[in-house]
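A.B. asks: Here you go, one structure.
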Amino acid sequence: MQKISSSVLVFLTGCFVYSLIEITARGFTHWTMTLTGGVILVVLYKMQTNIKDISLWKKCIIGSLVITSFEFTVGVIVNIIMHWHVWDYSDMPMNLLGQICLPFTGLWFLICIPAFYVCKIINKRLENI
């Protein structure tokens, strides 16, 4: 039960924080990105709690690749297949089908730093319950 409740807490935190970041940066978000933010934080949380012998910068590289992979997958589904036009990086350098681009992969690397810190705090708080 503890693992399920911790995953739900982490998922909801990811939903909220990612939506807040996107609303702050773009002025709006989309429900698919809210859910994606939740799933991504759960993956980063599992990395933080299960892979302890790897440096933060290596975790951030892996995390940025995980986020970019999720972004590409969701982008292909919602933007290319479903034509919802949630985002388009076609005007960004080094983009792939307008769904991902190298500058945002770098941004995800930087965002992983506080994300892993948040995961660490959540894990410590949950251990004390």
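In the structure tokens, chains take the letters A, B, ... in the order shown, each chain's residues start at 1, and ligands count up from 1 in the order shown.
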Can you tell me which residues surround region 57-68 of chain A at a distance of at most 9 Å, considering only C-alpha atoms, apart from same-chain residues fewer than 4 positions away, and format the answer as a list in words?

C.D. replies: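 That gives Gly37, Ile40, Val43, Leu44, Met47, Gln48, Ile51, Phe72, Thr73, Ile100, Cys101, Phe104, Thr105, Gly106, Leu107, Trp108, Phe109, Leu110, Ile111, Cys112, Ile113 and Phe116 of chain A.
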
A.B. asks: If you run DSSP on the backbone, which residues of region 26-112 of chain A are helix (DSSP H, G or I), as a PyMOL selection string?

C.D. replies: chain A and resi 26+31-50+56-81+102-112

A.B. asks: Might you pull out every residue within 10 Å of region 18-33 of chain A, with only C-alpha atoms counted and same-chain residues fewer than 6 positions away left off, and present them as an mmCIF file with all heavy atoms, in the first residue's frame?

C.D. replies:
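part31.cif was written with the following content:
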data_model
loop_
_atom_site.group_PDB
_atom_site.id
_atom_site.type_symbol
_atom_site.label_atom_id
_atom_site.label_comp_id
_atom_site.auth_asym_id
_atom_site.auth_seq_id
_atom_site.Cartn_x
_atom_site.Cartn_y
_atom_site.Cartn_z
ATOM 1 N N LEU A 12 0.938 12.986 -8.703
ATOM 2 C CA LEU A 12 0.177 14.232 -8.563
ATOM 3 C C LEU A 12 1.097 15.445 -8.435
ATOM 4 O O LEU A 12 0.806 16.512 -8.980
ATOM 5 C CB LEU A 12 -0.777 14.144 -7.376
ATOM 6 C CG LEU A 12 -1.926 13.138 -7.539
ATOM 7 C CD1 LEU A 12 -2.729 13.030 -6.249
ATOM 8 C CD2 LEU A 12 -2.805 13.492 -8.728
ATOM 9 N N VAL A 39 3.718 11.223 -14.958
ATOM 10 C CA VAL A 39 4.403 9.957 -15.260
ATOM 11 C C VAL A 39 5.920 10.148 -15.224
ATOM 12 O O VAL A 39 6.650 9.321 -14.663
ATOM 13 C CB VAL A 39 3.944 9.403 -16.630
ATOM 14 C CG1 VAL A 39 4.800 8.218 -17.058
ATOM 15 C CG2 VAL A 39 2.472 9.014 -16.588
ATOM 16 N N ILE A 40 6.384 11.235 -15.788
ATOM 17 C CA ILE A 40 7.828 11.491 -15.816
ATOM 18 C C ILE A 40 8.389 11.626 -14.406
ATOM 19 O O ILE A 40 9.450 11.066 -14.099
ATOM 20 C CB ILE A 40 8.153 12.731 -16.668
ATOM 21 C CG1 ILE A 40 7.968 12.395 -18.151
ATOM 22 C CG2 ILE A 40 9.559 13.244 -16.398
ATOM 23 C CD1 ILE A 40 8.015 13.579 -19.085
ATOM 24 N N LEU A 41 7.682 12.343 -13.525
ATOM 25 C CA LEU A 41 8.214 12.477 -12.166
ATOM 26 C C LEU A 41 8.240 11.127 -11.452
ATOM 27 O O LEU A 41 9.160 10.863 -10.679
ATOM 28 C CB LEU A 41 7.444 13.519 -11.343
ATOM 29 C CG LEU A 41 8.160 13.898 -10.050
ATOM 30 C CD1 LEU A 41 9.516 14.552 -10.326
ATOM 31 C CD2 LEU A 41 7.308 14.827 -9.191
ATOM 32 N N GLU A 71 8.370 12.929 -24.311
ATOM 33 C CA GLU A 71 7.863 14.061 -25.076
ATOM 34 C C GLU A 71 7.685 13.676 -26.555
ATOM 35 O O GLU A 71 6.684 14.032 -27.177
ATOM 36 C CB GLU A 71 8.817 15.250 -24.950
ATOM 37 C CG GLU A 71 8.292 16.502 -25.616
ATOM 38 C CD GLU A 71 9.218 17.687 -25.425
ATOM 39 O OE1 GLU A 71 10.450 17.506 -25.360
ATOM 40 O OE2 GLU A 71 8.687 18.806 -25.368
ATOM 41 N N VAL A 74 4.592 11.134 -26.753
ATOM 42 C CA VAL A 74 3.324 11.852 -26.583
ATOM 43 C C VAL A 74 3.093 12.792 -27.762
ATOM 44 O O VAL A 74 1.973 12.894 -28.273
ATOM 45 C CB VAL A 74 3.289 12.611 -25.232
ATOM 46 C CG1 VAL A 74 2.055 13.499 -25.134
ATOM 47 C CG2 VAL A 74 3.324 11.626 -24.071
ATOM 48 N N GLY A 75 4.135 13.457 -28.214
ATOM 49 C CA GLY A 75 4.016 14.372 -29.340
ATOM 50 C C GLY A 75 3.556 13.676 -30.611
ATOM 51 O O GLY A 75 2.691 14.191 -31.332
ATOM 52 N N VAL A 78 -0.292 12.843 -29.883
ATOM 53 C CA VAL A 78 -1.260 13.948 -29.803
ATOM 54 C C VAL A 78 -1.120 14.959 -30.934
ATOM 55 O O VAL A 78 -2.122 15.556 -31.340
ATOM 56 C CB VAL A 78 -1.230 14.667 -28.429
ATOM 57 C CG1 VAL A 78 -1.484 13.693 -27.296
ATOM 58 C CG2 VAL A 78 0.040 15.442 -28.202
ATOM 59 N N TRP A 84 -3.876 17.326 -32.596
ATOM 60 C CA TRP A 84 -4.348 18.251 -31.561
ATOM 61 C C TRP A 84 -3.498 19.517 -31.490
ATOM 62 O O TRP A 84 -3.877 20.465 -30.826
ATOM 63 C CB TRP A 84 -4.389 17.564 -30.203
ATOM 64 C CG TRP A 84 -5.493 16.552 -30.070
ATOM 65 C CD1 TRP A 84 -6.497 16.298 -30.959
ATOM 66 C CD2 TRP A 84 -5.703 15.671 -28.978
ATOM 67 N NE1 TRP A 84 -7.311 15.310 -30.481
ATOM 68 C CE2 TRP A 84 -6.844 14.897 -29.260
ATOM 69 C CE3 TRP A 84 -5.023 15.434 -27.779
ATOM 70 C CZ2 TRP A 84 -7.337 13.928 -28.400
ATOM 71 C CZ3 TRP A 84 -5.515 14.472 -26.919
ATOM 72 C CH2 TRP A 84 -6.659 13.738 -27.225
ATOM 73 N N VAL A 86 -0.746 20.437 -29.868
ATOM 74 C CA VAL A 86 -0.421 20.891 -28.508
ATOM 75 C C VAL A 86 0.867 21.707 -28.513
ATOM 76 O O VAL A 86 0.973 22.702 -27.822
ATOM 77 C CB VAL A 86 -0.338 19.687 -27.536
ATOM 78 C CG1 VAL A 86 0.044 20.139 -26.140
ATOM 79 C CG2 VAL A 86 -1.671 18.932 -27.512
ATOM 80 N N TRP A 87 1.867 21.289 -29.289
ATOM 81 C CA TRP A 87 3.096 22.075 -29.456
ATOM 82 C C TRP A 87 3.707 21.751 -30.809
ATOM 83 O O TRP A 87 3.359 20.766 -31.439
ATOM 84 C CB TRP A 87 4.106 21.838 -28.333
ATOM 85 C CG TRP A 87 4.792 20.510 -28.373
ATOM 86 C CD1 TRP A 87 5.940 20.187 -29.050
ATOM 87 C CD2 TRP A 87 4.376 19.314 -27.711
ATOM 88 N NE1 TRP A 87 6.262 18.877 -28.854
ATOM 89 C CE2 TRP A 87 5.308 18.308 -28.032
ATOM 90 C CE3 TRP A 87 3.331 18.980 -26.874
ATOM 91 C CZ2 TRP A 87 5.210 17.008 -27.553
ATOM 92 C CZ3 TRP A 87 3.229 17.685 -26.413
ATOM 93 C CH2 TRP A 87 4.168 16.724 -26.750
#

A.B. asks: Choose the residue, out of A:Val76, A:Ile121, A:Leu102, A:Ala115, that has the smallest atom-to-atom separation from Gly14 (chain A); count only C-alpha atoms.

C.D. replies: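 Among the listed residues, A:Ala115 lies closest to Gly14 (chain A).
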
A.B. asks: I want to know what sits within 12 Å of Val8 (chain A), based on only C-alpha atoms, with residues of the same chain fewer than 6 positions away left out; could you give that as a count of residues only?

C.D. replies: 11

A.B. asks: Write down as a PyMOL selection string the residues belonging to region 63-124 of chain A that are assigned strand (DSSP E) by DSSP computed on the backbone.

C.D. replies: chain A and resi 95-96+100-101
